[in-house]
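K.L.:
This one is coords-v4.cif, mmCIF, C-alpha atoms (C1' of nucleotides).
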data_protein
loop_
_atom_site.group_PDB
_atom_site.id
_atom_site.type_symbol
_atom_site.label_atom_id
_atom_site.label_comp_id
_atom_site.auth_asym_id
_atom_site.auth_seq_id
_atom_site.Cartn_x
_atom_site.Cartn_y
_atom_site.Cartn_z
ATOM 1 C CA MET A 1 -50.935 -99.141 207.281
ATOM 2 C CA LEU A 2 -47.132 -99.060 207.208
ATOM 3 C CA ILE A 3 -44.995 -98.411 204.180
ATOM 4 C CA GLY A 4 -44.260 -102.061 203.410
ATOM 5 C CA GLU A 5 -47.915 -102.986 203.292
ATOM 6 C CA LEU A 6 -48.777 -99.997 201.134
ATOM 7 C CA ALA A 7 -45.951 -100.836 198.769
ATOM 8 C CA GLU A 8 -47.110 -104.391 198.408
ATOM 9 C CA ARG A 9 -50.763 -103.494 197.992
ATOM 10 C CA ALA A 10 -49.929 -100.879 195.391
ATOM 11 C CA GLY A 11 -47.477 -103.146 193.616
ATOM 12 C CA THR A 12 -44.442 -100.944 193.987
ATOM 13 C CA SER A 13 -41.448 -100.438 196.256
ATOM 14 C CA THR A 14 -40.988 -98.628 199.552
ATOM 15 C CA ARG A 15 -38.251 -96.640 197.907
ATOM 16 C CA ALA A 16 -40.691 -95.304 195.343
ATOM 17 C CA LEU A 17 -43.211 -94.364 198.037
ATOM 18 C CA ARG A 18 -40.640 -92.393 199.992
ATOM 19 C CA TYR A 19 -39.582 -90.754 196.758
ATOM 20 C CA TYR A 20 -43.153 -89.679 196.015
ATOM 21 C CA GLU A 21 -43.398 -88.258 199.504
ATOM 22 C CA THR A 22 -40.249 -86.154 199.173
ATOM 23 C CA HIS A 23 -41.756 -84.791 195.989
ATOM 24 C CA GLY A 24 -44.979 -83.808 197.688
ATOM 25 C CA LEU A 25 -47.261 -86.465 196.224
ATOM 26 C CA LEU A 26 -47.819 -88.767 199.181
ATOM 27 C CA ARG A 27 -48.759 -87.966 202.756
ATOM 28 C CA ALA A 28 -48.108 -89.998 205.874
ATOM 29 C CA ALA A 29 -48.654 -89.509 209.572
ATOM 30 C CA ARG A 30 -45.936 -90.694 211.897
ATOM 31 C CA SER A 31 -46.359 -93.152 214.713
ATOM 32 C CA ALA A 32 -44.546 -92.707 218.026
ATOM 33 C CA ASN A 33 -41.514 -94.605 216.768
ATOM 34 C CA GLY A 34 -41.223 -92.535 213.607
ATOM 35 C CA TYR A 35 -42.791 -95.035 211.214
ATOM 36 C CA ARG A 36 -44.895 -93.682 208.377
ATOM 37 C CA VAL A 37 -48.583 -94.468 208.855
ATOM 38 C CA TYR A 38 -50.752 -94.222 205.767
ATOM 39 C CA ALA A 39 -54.463 -93.618 205.501
ATOM 40 C CA GLU A 40 -56.483 -95.977 203.339
ATOM 41 C CA THR A 41 -57.000 -93.241 200.728
ATOM 42 C CA GLU A 42 -53.282 -93.078 199.999
ATOM 43 C CA LEU A 43 -53.621 -96.391 198.252
ATOM 44 C CA HIS A 44 -55.779 -94.739 195.602
ATOM 45 C CA VAL A 45 -53.273 -91.927 195.367
ATOM 46 C CA VAL A 46 -50.421 -94.338 194.760
ATOM 47 C CA ARG A 47 -52.426 -96.185 192.118
ATOM 48 C CA GLU A 48 -53.186 -92.904 190.379
ATOM 49 C CA ILE A 49 -49.509 -91.997 190.443
ATOM 50 C CA ARG A 50 -48.465 -95.354 189.024
ATOM 51 C CA ALA A 51 -51.067 -95.299 186.300
ATOM 52 C CA LEU A 52 -50.007 -91.862 185.147
ATOM 53 C CA LEU A 53 -46.312 -92.693 185.332
ATOM 54 C CA ALA A 54 -46.987 -95.718 183.161
ATOM 55 C CA VAL A 55 -48.578 -93.482 180.553
ATOM 56 C CA GLY A 56 -45.449 -91.358 180.488
ATOM 57 C CA PHE A 57 -46.235 -88.521 182.865
ATOM 58 C CA GLY A 58 -43.582 -86.983 185.076
ATOM 59 C CA LEU A 59 -44.096 -86.505 188.783
ATOM 60 C CA ASP A 60 -44.688 -82.783 188.307
ATOM 61 C CA ASP A 61 -47.478 -83.500 185.847
ATOM 62 C CA ILE A 62 -49.099 -85.858 188.302
ATOM 63 C CA ARG A 63 -49.343 -83.394 191.164
ATOM 64 C CA PRO A 64 -52.674 -81.834 190.037
ATOM 65 C CA PHE A 65 -54.271 -85.259 189.761
ATOM 66 C CA VAL A 66 -53.306 -86.104 193.313
ATOM 67 C CA ALA A 67 -54.619 -82.757 194.530
ATOM 68 C CA CYS A 68 -57.859 -83.491 192.705
ATOM 69 C CA LEU A 69 -58.178 -86.846 194.423
ATOM 70 C CA ARG A 70 -57.480 -85.283 197.807
ATOM 71 C CA ALA A 71 -60.186 -82.728 197.167
ATOM 72 C CA GLY A 72 -62.636 -85.588 197.408
ATOM 73 C CA ASN A 73 -63.176 -86.500 193.796
ATOM 74 C CA ALA A 74 -63.613 -90.100 192.802
ATOM 75 C CA SER A 75 -61.267 -89.582 189.865
ATOM 76 C CA GLY A 76 -58.171 -87.400 189.741
ATOM 77 C CA HIS A 77 -58.958 -86.413 186.149
ATOM 78 C CA VAL A 78 -61.978 -84.235 186.630
ATOM 79 C CA CYS A 79 -60.421 -81.019 187.946
ATOM 80 C CA PRO A 80 -59.484 -78.106 185.693
ATOM 81 C CA ASP A 81 -55.768 -78.383 186.407
ATOM 82 C CA SER A 82 -55.804 -82.069 185.597
ATOM 83 C CA VAL A 83 -57.667 -81.446 182.386
ATOM 84 C CA ALA A 84 -55.151 -78.789 181.437
ATOM 85 C CA VAL A 85 -52.318 -81.266 181.950
ATOM 86 C CA LEU A 86 -54.213 -83.891 179.969
ATOM 87 C CA ARG A 87 -54.616 -81.459 177.087
ATOM 88 C CA ARG A 88 -50.969 -80.464 177.207
ATOM 89 C CA LYS A 89 -49.848 -84.072 177.298
ATOM 90 C CA LEU A 90 -52.106 -84.916 174.422
ATOM 91 C CA ALA A 91 -50.494 -82.142 172.402
ATOM 92 C CA GLU A 92 -47.046 -83.375 173.408
ATOM 93 C CA VAL A 93 -47.914 -86.891 172.354
ATOM 94 C CA ASP A 94 -49.189 -85.595 169.023
ATOM 95 C CA ALA A 95 -45.935 -83.711 168.548
ATOM 96 C CA GLY A 96 -44.008 -86.839 169.470
ATOM 97 C CA ILE A 97 -45.944 -88.857 166.943
ATOM 98 C CA ASP A 98 -45.227 -86.304 164.246
ATOM 99 C CA ARG A 99 -41.553 -86.300 165.090
ATOM 100 C CA LEU A 100 -41.360 -90.079 164.997
ATOM 101 C CA HIS A 101 -43.123 -90.086 161.648
ATOM 102 C CA ALA A 102 -40.511 -87.679 160.313
ATOM 103 C CA VAL A 103 -37.730 -89.872 161.670
ATOM 104 C CA ARG A 104 -39.428 -92.892 160.205
ATOM 105 C CA ARG A 105 -39.557 -91.316 156.771
ATOM 106 C CA GLU A 106 -35.891 -90.436 156.954
ATOM 107 C CA LEU A 107 -34.921 -93.903 158.100
ATOM 108 C CA ARG A 108 -36.920 -95.478 155.310
ATOM 109 C CA ASP A 109 -35.306 -93.220 152.728
ATOM 110 C CA GLN A 110 -31.841 -93.931 154.016
ATOM 111 C CA LEU A 111 -32.589 -97.615 154.056
ATOM 112 C CA ALA A 112 -33.884 -97.532 150.498
ATOM 113 C CA HIS A 113 -30.847 -95.541 149.408
ATOM 114 C CA ALA A 114 -28.497 -97.935 151.182
ATOM 115 C CA ILE A 115 -30.027 -100.977 149.516
ATOM 116 C CA THR A 116 -30.020 -99.341 146.097
ATOM 117 C CA HIS A 117 -26.337 -98.528 146.312
ATOM 118 C CA ARG A 118 -25.324 -101.692 148.054
ATOM 119 C CA GLU A 119 -23.830 -103.385 145.012
ATOM 120 C CA GLU A 120 -21.541 -100.669 143.799
ATOM 121 C CA THR A 121 -20.249 -99.388 147.092
ATOM 122 C CA CYS A 122 -19.921 -102.558 149.069
ATOM 123 C CA SER A 123 -17.925 -104.328 146.424
ATOM 124 C CA LYS A 124 -15.109 -102.115 147.587
ATOM 125 C CA LEU A 125 -15.805 -103.030 151.187
ATOM 126 C CA ARG A 126 -15.843 -106.708 150.377
ATOM 127 C CA ARG A 127 -12.476 -106.411 148.675
ATOM 128 C CA THR A 128 -10.890 -104.690 151.653
ATOM 129 C CA ALA A 129 -12.531 -107.106 154.057
ATOM 130 C CA ARG A 130 -10.839 -110.113 152.518
ATOM 131 C CA MET C 1 -6.479 -79.757 161.733
ATOM 132 C CA LEU C 2 -6.681 -79.233 165.488
ATOM 133 C CA ILE C 3 -9.687 -79.929 167.653
ATOM 134 C CA GLY C 4 -10.934 -76.340 167.773
ATOM 135 C CA GLU C 5 -11.023 -76.048 164.015
ATOM 136 C CA LEU C 6 -12.749 -79.401 163.596
ATOM 137 C CA ALA C 7 -15.325 -78.447 166.204
ATOM 138 C CA GLU C 8 -16.086 -75.185 164.473
ATOM 139 C CA ARG C 9 -16.234 -76.709 161.008
ATOM 140 C CA ALA C 10 -18.512 -79.495 162.212
ATOM 141 C CA GLY C 11 -20.651 -77.114 164.206
ATOM 142 C CA THR C 12 -20.132 -78.736 167.572
ATOM 143 C CA SER C 13 -17.953 -78.426 170.662
ATOM 144 C CA THR C 14 -14.470 -79.669 171.452
ATOM 145 C CA ARG C 15 -15.979 -81.399 174.474
ATOM 146 C CA ALA C 16 -18.205 -83.482 172.244
ATOM 147 C CA LEU C 17 -15.334 -84.451 169.953
ATOM 148 C CA ARG C 18 -13.222 -85.695 172.842
ATOM 149 C CA TYR C 19 -16.238 -87.602 174.083
ATOM 150 C CA TYR C 20 -16.704 -89.309 170.730
ATOM 151 C CA GLU C 21 -13.033 -90.252 170.769
ATOM 152 C CA THR C 22 -13.223 -91.862 174.204
ATOM 153 C CA HIS C 23 -16.114 -93.899 172.867
ATOM 154 C CA GLY C 24 -14.184 -95.114 169.866
ATOM 155 C CA LEU C 25 -15.896 -93.071 167.167
ATOM 156 C CA LEU C 26 -13.250 -90.505 166.323
ATOM 157 C CA ARG C 27 -9.570 -90.943 165.607
ATOM 158 C CA ALA C 28 -6.792 -88.431 165.979
ATOM 159 C CA ALA C 29 -3.037 -88.515 165.578
ATOM 160 C CA ARG C 30 -1.013 -86.589 168.096
ATOM 161 C CA SER C 31 1.491 -83.866 167.315
ATOM 162 C CA ALA C 32 4.765 -83.545 169.245
ATOM 163 C CA ASN C 33 3.139 -81.344 171.872
ATOM 164 C CA GLY C 34 0.288 -83.756 172.449
ATOM 165 C CA TYR C 35 -2.369 -81.911 170.473
ATOM 166 C CA ARG C 36 -4.925 -83.975 168.570
ATOM 167 C CA VAL C 37 -4.381 -83.748 164.822
ATOM 168 C CA TYR C 38 -7.336 -84.743 162.670
ATOM 169 C CA ALA C 39 -7.359 -85.976 159.107
ATOM 170 C CA GLU C 40 -9.715 -84.277 156.694
ATOM 171 C CA THR C 41 -11.938 -87.364 156.586
ATOM 172 C CA GLU C 42 -12.788 -87.032 160.260
ATOM 173 C CA LEU C 43 -14.941 -84.065 159.350
ATOM 174 C CA HIS C 44 -17.247 -86.390 157.427
ATOM 175 C CA VAL C 45 -17.223 -88.768 160.356
ATOM 176 C CA VAL C 46 -18.262 -86.041 162.760
ATOM 177 C CA ARG C 47 -21.039 -84.926 160.434
ATOM 178 C CA GLU C 48 -22.292 -88.489 160.175
ATOM 179 C CA ILE C 49 -22.266 -88.799 163.947
ATOM 180 C CA ARG C 50 -24.164 -85.559 164.429
ATOM 181 C CA ALA C 51 -26.736 -86.383 161.808
ATOM 182 C CA LEU C 52 -27.467 -89.749 163.376
ATOM 183 C CA LEU C 53 -27.567 -88.324 166.892
ATOM 184 C CA ALA C 54 -30.085 -85.778 165.695
ATOM 185 C CA VAL C 55 -32.301 -88.567 164.428
ATOM 186 C CA GLY C 56 -32.215 -90.189 167.839
ATOM 187 C CA PHE C 57 -29.450 -92.762 167.565
ATOM 188 C CA GLY C 58 -27.168 -93.572 170.460
ATOM 189 C CA LEU C 59 -23.408 -93.617 170.116
ATOM 190 C CA ASP C 60 -23.362 -97.411 170.084
ATOM 191 C CA ASP C 61 -25.790 -97.459 167.167
ATOM 192 C CA ILE C 62 -23.585 -95.039 165.286
ATOM 193 C CA ARG C 63 -20.411 -97.101 165.485
ATOM 194 C CA PRO C 64 -21.174 -99.300 162.426
ATOM 195 C CA PHE C 65 -21.821 -96.228 160.315
ATOM 196 C CA VAL C 66 -18.456 -94.762 161.207
ATOM 197 C CA ALA C 67 -16.768 -98.078 160.469
ATOM 198 C CA CYS C 68 -18.536 -98.098 157.110
ATOM 199 C CA LEU C 69 -17.256 -94.636 156.296
ATOM 200 C CA ARG C 70 -13.716 -95.591 157.302
ATOM 201 C CA ALA C 71 -13.921 -98.616 155.027
ATOM 202 C CA GLY C 72 -13.942 -96.176 152.145
ATOM 203 C CA ASN C 73 -17.625 -95.841 151.408
ATOM 204 C CA ALA C 74 -19.041 -92.515 150.376
ATOM 205 C CA SER C 75 -21.974 -93.075 152.692
ATOM 206 C CA GLY C 76 -21.963 -94.710 156.080
ATOM 207 C CA HIS C 77 -25.321 -96.318 155.387
ATOM 208 C CA VAL C 78 -24.421 -98.859 152.770
ATOM 209 C CA CYS C 79 -22.767 -101.580 154.848
ATOM 210 C CA PRO C 80 -24.672 -104.606 156.168
ATOM 211 C CA ASP C 81 -24.168 -103.665 159.805
ATOM 212 C CA SER C 82 -25.459 -100.165 159.173
ATOM 213 C CA VAL C 83 -28.463 -101.483 157.334
ATOM 214 C CA ALA C 84 -29.167 -103.837 160.219
ATOM 215 C CA VAL C 85 -29.128 -100.899 162.617
ATOM 216 C CA LEU C 86 -31.353 -98.903 160.297
ATOM 217 C CA ARG C 87 -33.855 -101.741 160.178
ATOM 218 C CA ARG C 88 -33.787 -102.151 163.944
ATOM 219 C CA LYS C 89 -34.230 -98.434 164.496
ATOM 220 C CA LEU C 90 -37.080 -98.352 162.034
ATOM 221 C CA ALA C 91 -38.775 -101.130 163.986
ATOM 222 C CA GLU C 92 -38.146 -99.252 167.221
ATOM 223 C CA VAL C 93 -39.628 -96.106 165.789
ATOM 224 C CA ASP C 94 -42.657 -98.021 164.605
ATOM 225 C CA ALA C 95 -43.068 -99.482 168.064
ATOM 226 C CA GLY C 96 -42.714 -96.012 169.530
ATOM 227 C CA ILE C 97 -45.378 -94.668 167.220
ATOM 228 C CA ASP C 98 -47.719 -97.482 168.181
ATOM 229 C CA ARG C 99 -47.115 -96.841 171.857
ATOM 230 C CA LEU C 100 -47.752 -93.139 171.474
ATOM 231 C CA HIS C 101 -50.962 -93.867 169.614
ATOM 232 C CA ALA C 102 -52.086 -96.071 172.478
ATOM 233 C CA VAL C 103 -51.217 -93.349 174.961
ATOM 234 C CA ARG C 104 -53.012 -90.855 172.817
ATOM 235 C CA ARG C 105 -56.162 -92.934 172.788
ATOM 236 C CA GLU C 106 -56.039 -93.293 176.540
ATOM 237 C CA LEU C 107 -55.472 -89.597 177.061
ATOM 238 C CA ARG C 108 -58.363 -88.754 174.786
ATOM 239 C CA ASP C 109 -60.652 -91.150 176.608
ATOM 240 C CA GLN C 110 -59.656 -89.809 179.993
ATOM 241 C CA LEU C 111 -60.124 -86.277 178.747
ATOM 242 C CA ALA C 112 -63.560 -87.090 177.396
ATOM 243 C CA HIS C 113 -64.483 -88.834 180.622
ATOM 244 C CA ALA C 114 -63.207 -85.910 182.684
ATOM 245 C CA ILE C 115 -65.229 -83.400 180.722
ATOM 246 C CA THR C 116 -68.358 -85.544 180.859
ATOM 247 C CA HIS C 117 -68.190 -85.819 184.633
ATOM 248 C CA ARG C 118 -66.984 -82.313 185.220
ATOM 249 C CA GLU C 119 -70.302 -80.928 186.419
ATOM 250 C CA GLU C 120 -71.192 -83.487 189.031
ATOM 251 C CA THR C 121 -67.798 -84.059 190.571
ATOM 252 C CA CYS C 122 -66.260 -80.643 190.455
ATOM 253 C CA SER C 123 -69.187 -78.943 192.061
ATOM 254 C CA LYS C 124 -67.871 -80.448 195.261
ATOM 255 C CA LEU C 125 -64.386 -79.163 194.470
ATOM 256 C CA ARG C 126 -65.680 -75.692 193.799
ATOM 257 C CA ARG C 127 -67.440 -75.663 197.103
ATOM 258 C CA THR C 128 -64.299 -76.687 198.990
ATOM 259 C CA ALA C 129 -62.208 -74.225 197.030
ATOM 260 C CA ARG C 130 -64.225 -71.248 198.182
ATOM 261 C "C1'" DG W 1 -30.749 -111.834 225.106
ATOM 262 C "C1'" DC W 2 -30.821 -113.045 220.359
ATOM 263 C "C1'" DT W 3 -32.648 -113.383 215.934
ATOM 264 C "C1'" DT W 4 -35.579 -111.846 212.385
ATOM 265 C "C1'" DG W 5 -37.930 -108.561 209.997
ATOM 266 C "C1'" DC W 6 -39.778 -104.406 209.838
ATOM 267 C "C1'" DC W 7 -38.710 -99.386 209.817
ATOM 268 C "C1'" DT W 8 -35.583 -94.844 209.505
ATOM 269 C "C1'" DT W 9 -32.341 -91.334 206.908
ATOM 270 C "C1'" DG W 10 -28.495 -90.622 203.732
ATOM 271 C "C1'" DA W 11 -25.978 -91.194 199.867
ATOM 272 C "C1'" DC W 12 -24.140 -93.190 195.542
ATOM 273 C "C1'" DG W 13 -25.190 -95.303 190.815
ATOM 274 C "C1'" DC W 14 -27.515 -95.414 186.431
ATOM 275 C "C1'" DC W 15 -28.128 -93.721 181.483
ATOM 276 C "C1'" DG W 16 -26.223 -90.357 177.562
ATOM 277 C "C1'" DG W 17 -24.577 -86.466 175.760
ATOM 278 C "C1'" DT W 18 -22.882 -82.820 176.838
ATOM 279 C "C1'" DG W 19 -21.732 -77.880 179.635
ATOM 280 C "C1'" DA W 20 -18.652 -75.923 182.603
ATOM 281 C "C1'" DC W 21 -14.802 -75.393 185.395
ATOM 282 C "C1'" DA W 22 -9.980 -76.283 187.209
ATOM 283 C "C1'" DA W 23 -5.133 -76.320 186.699
ATOM 284 C "C1'" DG W 24 -1.874 -76.627 183.758
ATOM 285 C "C1'" DG W 25 1.244 -76.783 179.057
ATOM 286 C "C1'" DT W 26 2.182 -74.435 174.360
ATOM 287 C "C1'" DC W 27 2.550 -71.263 170.712
ATOM 288 C "C1'" DT W 28 2.569 -66.629 168.709
ATOM 289 C "C1'" DA W 29 2.542 -61.662 168.389
ATOM 290 C "C1'" DG W 30 3.909 -57.462 170.343
ATOM 291 C "C1'" DC X 1 8.738 -61.012 178.971
ATOM 292 C "C1'" DT X 2 3.977 -61.145 178.731
ATOM 293 C "C1'" DA X 3 -0.709 -61.506 177.251
ATOM 294 C "C1'" DG X 4 -4.003 -64.264 175.193
ATOM 295 C "C1'" DA X 5 -5.560 -67.876 172.420
ATOM 296 C "C1'" DC X 6 -4.947 -72.247 171.749
ATOM 297 C "C1'" DC X 7 -4.427 -77.089 173.667
ATOM 298 C "C1'" DT X 8 -4.272 -81.038 177.538
ATOM 299 C "C1'" DT X 9 -6.548 -84.306 181.259
ATOM 300 C "C1'" DG X 10 -9.782 -84.688 185.029
ATOM 301 C "C1'" DT X 11 -13.791 -83.889 187.439
ATOM 302 C "C1'" DC X 12 -18.447 -82.368 188.757
ATOM 303 C "C1'" DA X 13 -23.361 -81.277 187.297
ATOM 304 C "C1'" DC X 14 -27.524 -82.233 184.863
ATOM 305 C "C1'" DC X 15 -32.213 -84.815 184.053
ATOM 306 C "C1'" DG X 16 -35.802 -88.597 186.489
ATOM 307 C "C1'" DG X 17 -37.299 -92.331 188.761
ATOM 308 C "C1'" DC X 18 -35.931 -95.081 191.140
ATOM 309 C "C1'" DG X 19 -32.333 -99.580 192.806
ATOM 310 C "C1'" DT X 20 -29.308 -100.570 196.207
ATOM 311 C "C1'" DC X 21 -26.333 -100.527 199.932
ATOM 312 C "C1'" DA X 22 -24.969 -98.555 204.693
ATOM 313 C "C1'" DA X 23 -25.763 -98.048 209.434
ATOM 314 C "C1'" DG X 24 -28.798 -97.925 212.694
ATOM 315 C "C1'" DG X 25 -33.533 -98.018 215.673
ATOM 316 C "C1'" DC X 26 -37.722 -100.728 216.939
ATOM 317 C "C1'" DA X 27 -40.979 -104.761 217.621
ATOM 318 C "C1'" DA X 28 -41.951 -109.454 218.563
ATOM 319 C "C1'" DG X 29 -41.275 -114.380 219.189
ATOM 320 C "C1'" DC X 30 -38.184 -117.934 221.180
#
Turn this file's structure into C-alpha cells for me.

P.N.:
Amino acid sequence: MLIGELAERAGTSTRALRYYETHGLLRAARSANGYRVYAETELHVVREIRALLAVGFGLDDIRPFVACLRAGNASGHVCPDSVAVLRRKLAEVDAGIDRLHAVRRELRDQLAHAITHREETCSKLRRTAR
Amino acid sequence: MLIGELAERAGTSTRALRYYETHGLLRAARSANGYRVYAETELHVVREIRALLAVGFGLDDIRPFVACLRAGNASGHVCPDSVAVLRRKLAEVDAGIDRLHAVRRELRDQLAHAITHREETCSKLRRTAR
DNA sequence: GCTTGCCTTGACGCCGGTGACAAGGTCTAG
DNA sequence: CTAGACCTTGTCACCGGCGTCAAGGCAAGC
C-alpha cells in the first residue's frame, strides 16, 4: 500500500501521514524506488491517531496508544501508559471545564452589568454619535 | 507618559503595547524626538485590553470595547457592539463547555473500557515486554 | 517520446500574542 | 566626553498540525 492509498482509506492527506512519520507515529518500508510501502496494520494506527486528534490530543499524547497497538493489542487504550494519558487528559478536560465555567460566570456578570447601565451611559454615546 | 512608564503601570511589556498600537487598539502622540507619548486615559485602555485577553478574547474582539471606552464611557462593556461581542463569546464558551463535556464522556468511557479489558489484552503485552 | 499521475524531500505560511535580539538615536548625570 | 537608561523600527522564534507550492524522480499507457 502506497501513501496515496493509505491517505484515502484513512480519510486524510499524504502530508499528514508524512508528518506523523517524522514524529515517530507511523512506520513505512521503502520500495526500490524510495516509495513508502505501508503494512495493512498501519491503517488502524492512522485511524487511532485521527480519532485521538479529533478528541483534542496532541501527537505526543498519542504516541503511547500507537505503541500499544503495535504491541499487538486490539485497542490502543488498554496499556498502562495509554491509561495514564487518558487519566491526565480527563483531568485536563475537567480543569478546562472549570475554567470555562469561571469565564462564563464573568461574561454573564459583565453582560448583566452592561445591560443594567445601558441607559445612563449610552445616552452620552448616542449624543456623540449623532 | 512614555511607553516604559505605561508598560510598568499597566503591568505589561513595551513590546505588547507597540503590538496593540499596530493593531489599532492603542493611540499615542509623538514627541519631537519620536517617542510615543500616552494620555492618561490610555492606561484604562490597556487595562481593559489585558483584562479581556485574560478572559480569552482575541484582539479583534477587544476593539469594540476600546472604542466604547474612547467614546467616553466609564466601562467598555456598555456599548451595543461590546454587548454583541459579550453575547457571542458567551455562546462560544457554552459551546466549548458542551464540547468538553462530550470529550469528557468519551474519555471516561474509553478509560472504563480500557480498565475492563486490561487483564485479557495486556497479558500479551506483559509477555512481550519481558 | 510524451503525457499523466503517482511519488520524493524541502521549505514557507498560518494563527496570536508575545519574548528576545539587533542596530541605532536621545537624554541626563557625573 | 562618556556611561547608562531610556526610546525607535525591524526581524526572527515560538507553538502544532498541517496546507501548499517547488522541483524533481518514477511508472505506465498511448

K.L.:
Can you check which parts of chain A lie within 12 Å of chain X? Per residue, the shortest pair of atoms and distance in Å to one decimal, counting all atoms listed in the file, sorted by chain and number, as a tab-separated table.

P.N.:
residue	atom	partner	partner_atom	distance
A:Thr12	CA	X:DC18	C1'	10.7
A:Ser13	CA	X:DC18	C1'	9.2
A:Thr14	CA	X:DC18	C1'	10.4
A:Arg15	CA	X:DC18	C1'	7.3
A:Ala16	CA	X:DC18	C1'	6.4
A:Leu17	CA	X:DC18	C1'	10.1
A:Arg18	CA	X:DC18	C1'	10.4
A:Tyr19	CA	X:DC18	C1'	8.0
A:Tyr20	CA	X:DG17	C1'	9.7
A:His23	CA	X:DG17	C1'	11.4
A:Ser31	CA	X:DC26	C1'	11.7
A:Ala32	CA	X:DC26	C1'	10.6
A:Asn33	CA	X:DC26	C1'	7.2
A:Gly34	CA	X:DC26	C1'	9.5
A:Tyr35	CA	X:DC26	C1'	9.5
A:Arg50	CA	X:DG17	C1'	11.6
A:Leu53	CA	X:DG17	C1'	9.7
A:Ala54	CA	X:DG17	C1'	11.7
A:Gly56	CA	X:DG17	C1'	11.7
A:Phe57	CA	X:DG16	C1'	11.0
A:Gly58	CA	X:DG16	C1'	8.1
A:Leu59	CA	X:DG16	C1'	8.9
A:Asp60	CA	X:DG16	C1'	10.8

K.L.:
Here's the selection I'm unsure about, the PyMOL selection byres ((chain A) within 7 of (chain C)); applied to the file above, which residues does it give, as JSON, numbers by chain?

P.N.:
{"A": [55, 71, 73, 77, 78, 79, 83, 86, 90, 93, 97, 100, 103, 104, 107, 111, 114, 115, 117, 118, 121, 122, 125]}

K.L.:
Do a least-squares overlay of chain C on chain A, C-alpha atoms all paired in order, then report the RMSD in Å.

P.N.:
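Once chain C is overlaid on chain A, the RMSD is 0.2 Å.
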
K.L.:
So how many Å separate CA of Asp61 in chain A and C1' of DC14 in chain W, to one decimal?

P.N.:
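Answer for the CA of Asp61 in chain A to C1' of DC14 in chain W separation: 23.3 Å.
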
K.L.:
Work out how far apart CA of Ile3 in chain C and C1' of DG30 in chain W are and give it in Å to one decimal.

P.N.:
26.4 Å

K.L.:
Kindly determine which residues of chain W lie within 10 Å of chain C, considering all atoms listed in the file, and give the answer as a list in words.

P.N.:
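Only these qualify: DG16, DG17, DT18, DG19, DG25 and DT26 of chain W.
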
K.L.:
How far is it from CA of Glu8 in chain C to C1' of DC15 in chain W, in Å with one decimal?

P.N.:
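Distance reported for this atom pair: 27.9 Å.
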
K.L.:
For the structure provided, state which residues fall under the PyMOL selection byres ((chain C and resi 25) around 9), and present them as number ranges by chain.

P.N.:
C: 19-24, 26-27, 45-46, 49, 59, 62-63, 66-67

K.L.:
Can you tell me which residues surround Val37 in chain A at a distance of at most 7 Å, considering only C-alpha atoms (C1' of nucleotides), apart from same-chain residues fewer than 4 positions away, and format the answer as a list in words?

P.N.:
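So the residues in contact are Met1, Leu2, Ala28, Ala29, Arg30 and Ser31 of chain A.
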
K.L.:
Please complete range 61-72 of chain A so it has N, CA and C atoms, and hand it over as a PDB file, in the coordinates of the input.

P.N.:
ATOM      1  N   ASP A  61     -46.197 -83.473 186.553  1.00  0.00           N
ATOM      2  CA  ASP A  61     -47.478 -83.500 185.847  1.00  0.00           C
ATOM      3  C   ASP A  61     -48.565 -84.145 186.696  1.00  0.00           C
ATOM      4  N   ILE A  62     -48.143 -85.049 187.550  1.00  0.00           N
ATOM      5  CA  ILE A  62     -49.099 -85.858 188.302  1.00  0.00           C
ATOM      6  C   ILE A  62     -49.689 -85.107 189.481  1.00  0.00           C
ATOM      7  N   ARG A  63     -48.942 -84.115 189.949  1.00  0.00           N
ATOM      8  CA  ARG A  63     -49.343 -83.394 191.164  1.00  0.00           C
ATOM      9  C   ARG A  63     -50.807 -82.925 191.132  1.00  0.00           C
ATOM     10  N   PRO A  64     -51.274 -82.281 190.070  1.00  0.00           N
ATOM     11  CA  PRO A  64     -52.674 -81.834 190.037  1.00  0.00           C
ATOM     12  C   PRO A  64     -53.675 -82.966 190.197  1.00  0.00           C
ATOM     13  N   PHE A  65     -53.353 -84.120 189.668  1.00  0.00           N
ATOM     14  CA  PHE A  65     -54.271 -85.259 189.761  1.00  0.00           C
ATOM     15  C   PHE A  65     -54.407 -85.700 191.210  1.00  0.00           C
ATOM     16  N   VAL A  66     -53.284 -85.728 191.903  1.00  0.00           N
ATOM     17  CA  VAL A  66     -53.306 -86.104 193.313  1.00  0.00           C
ATOM     18  C   VAL A  66     -54.111 -85.073 194.108  1.00  0.00           C
ATOM     19  N   ALA A  67     -53.870 -83.807 193.836  1.00  0.00           N
ATOM     20  CA  ALA A  67     -54.619 -82.757 194.530  1.00  0.00           C
ATOM     21  C   ALA A  67     -56.109 -82.925 194.290  1.00  0.00           C
ATOM     22  N   CYS A  68     -56.457 -83.311 193.077  1.00  0.00           N
ATOM     23  CA  CYS A  68     -57.859 -83.491 192.705  1.00  0.00           C
ATOM     24  C   CYS A  68     -58.474 -84.643 193.489  1.00  0.00           C
ATOM     25  N   LEU A  69     -57.714 -85.721 193.618  1.00  0.00           N
ATOM     26  CA  LEU A  69     -58.178 -86.846 194.423  1.00  0.00           C
ATOM     27  C   LEU A  69     -58.380 -86.427 195.873  1.00  0.00           C
ATOM     28  N   ARG A  70     -57.412 -85.708 196.409  1.00  0.00           N
ATOM     29  CA  ARG A  70     -57.480 -85.283 197.807  1.00  0.00           C
ATOM     30  C   ARG A  70     -58.654 -84.342 198.061  1.00  0.00           C
ATOM     31  N   ALA A  71     -59.059 -83.651 197.010  1.00  0.00           N
ATOM     32  CA  ALA A  71     -60.186 -82.728 197.167  1.00  0.00           C
ATOM     33  C   ALA A  71     -61.504 -83.486 197.292  1.00  0.00           C
ATOM     34  N   GLY A  72     -61.452 -84.788 197.174  1.00  0.00           N
ATOM     35  CA  GLY A  72     -62.636 -85.588 197.408  1.00  0.00           C
ATOM     36  C   GLY A  72     -63.264 -86.141 196.149  1.00  0.00           C
TER      37      GLY A  72
END
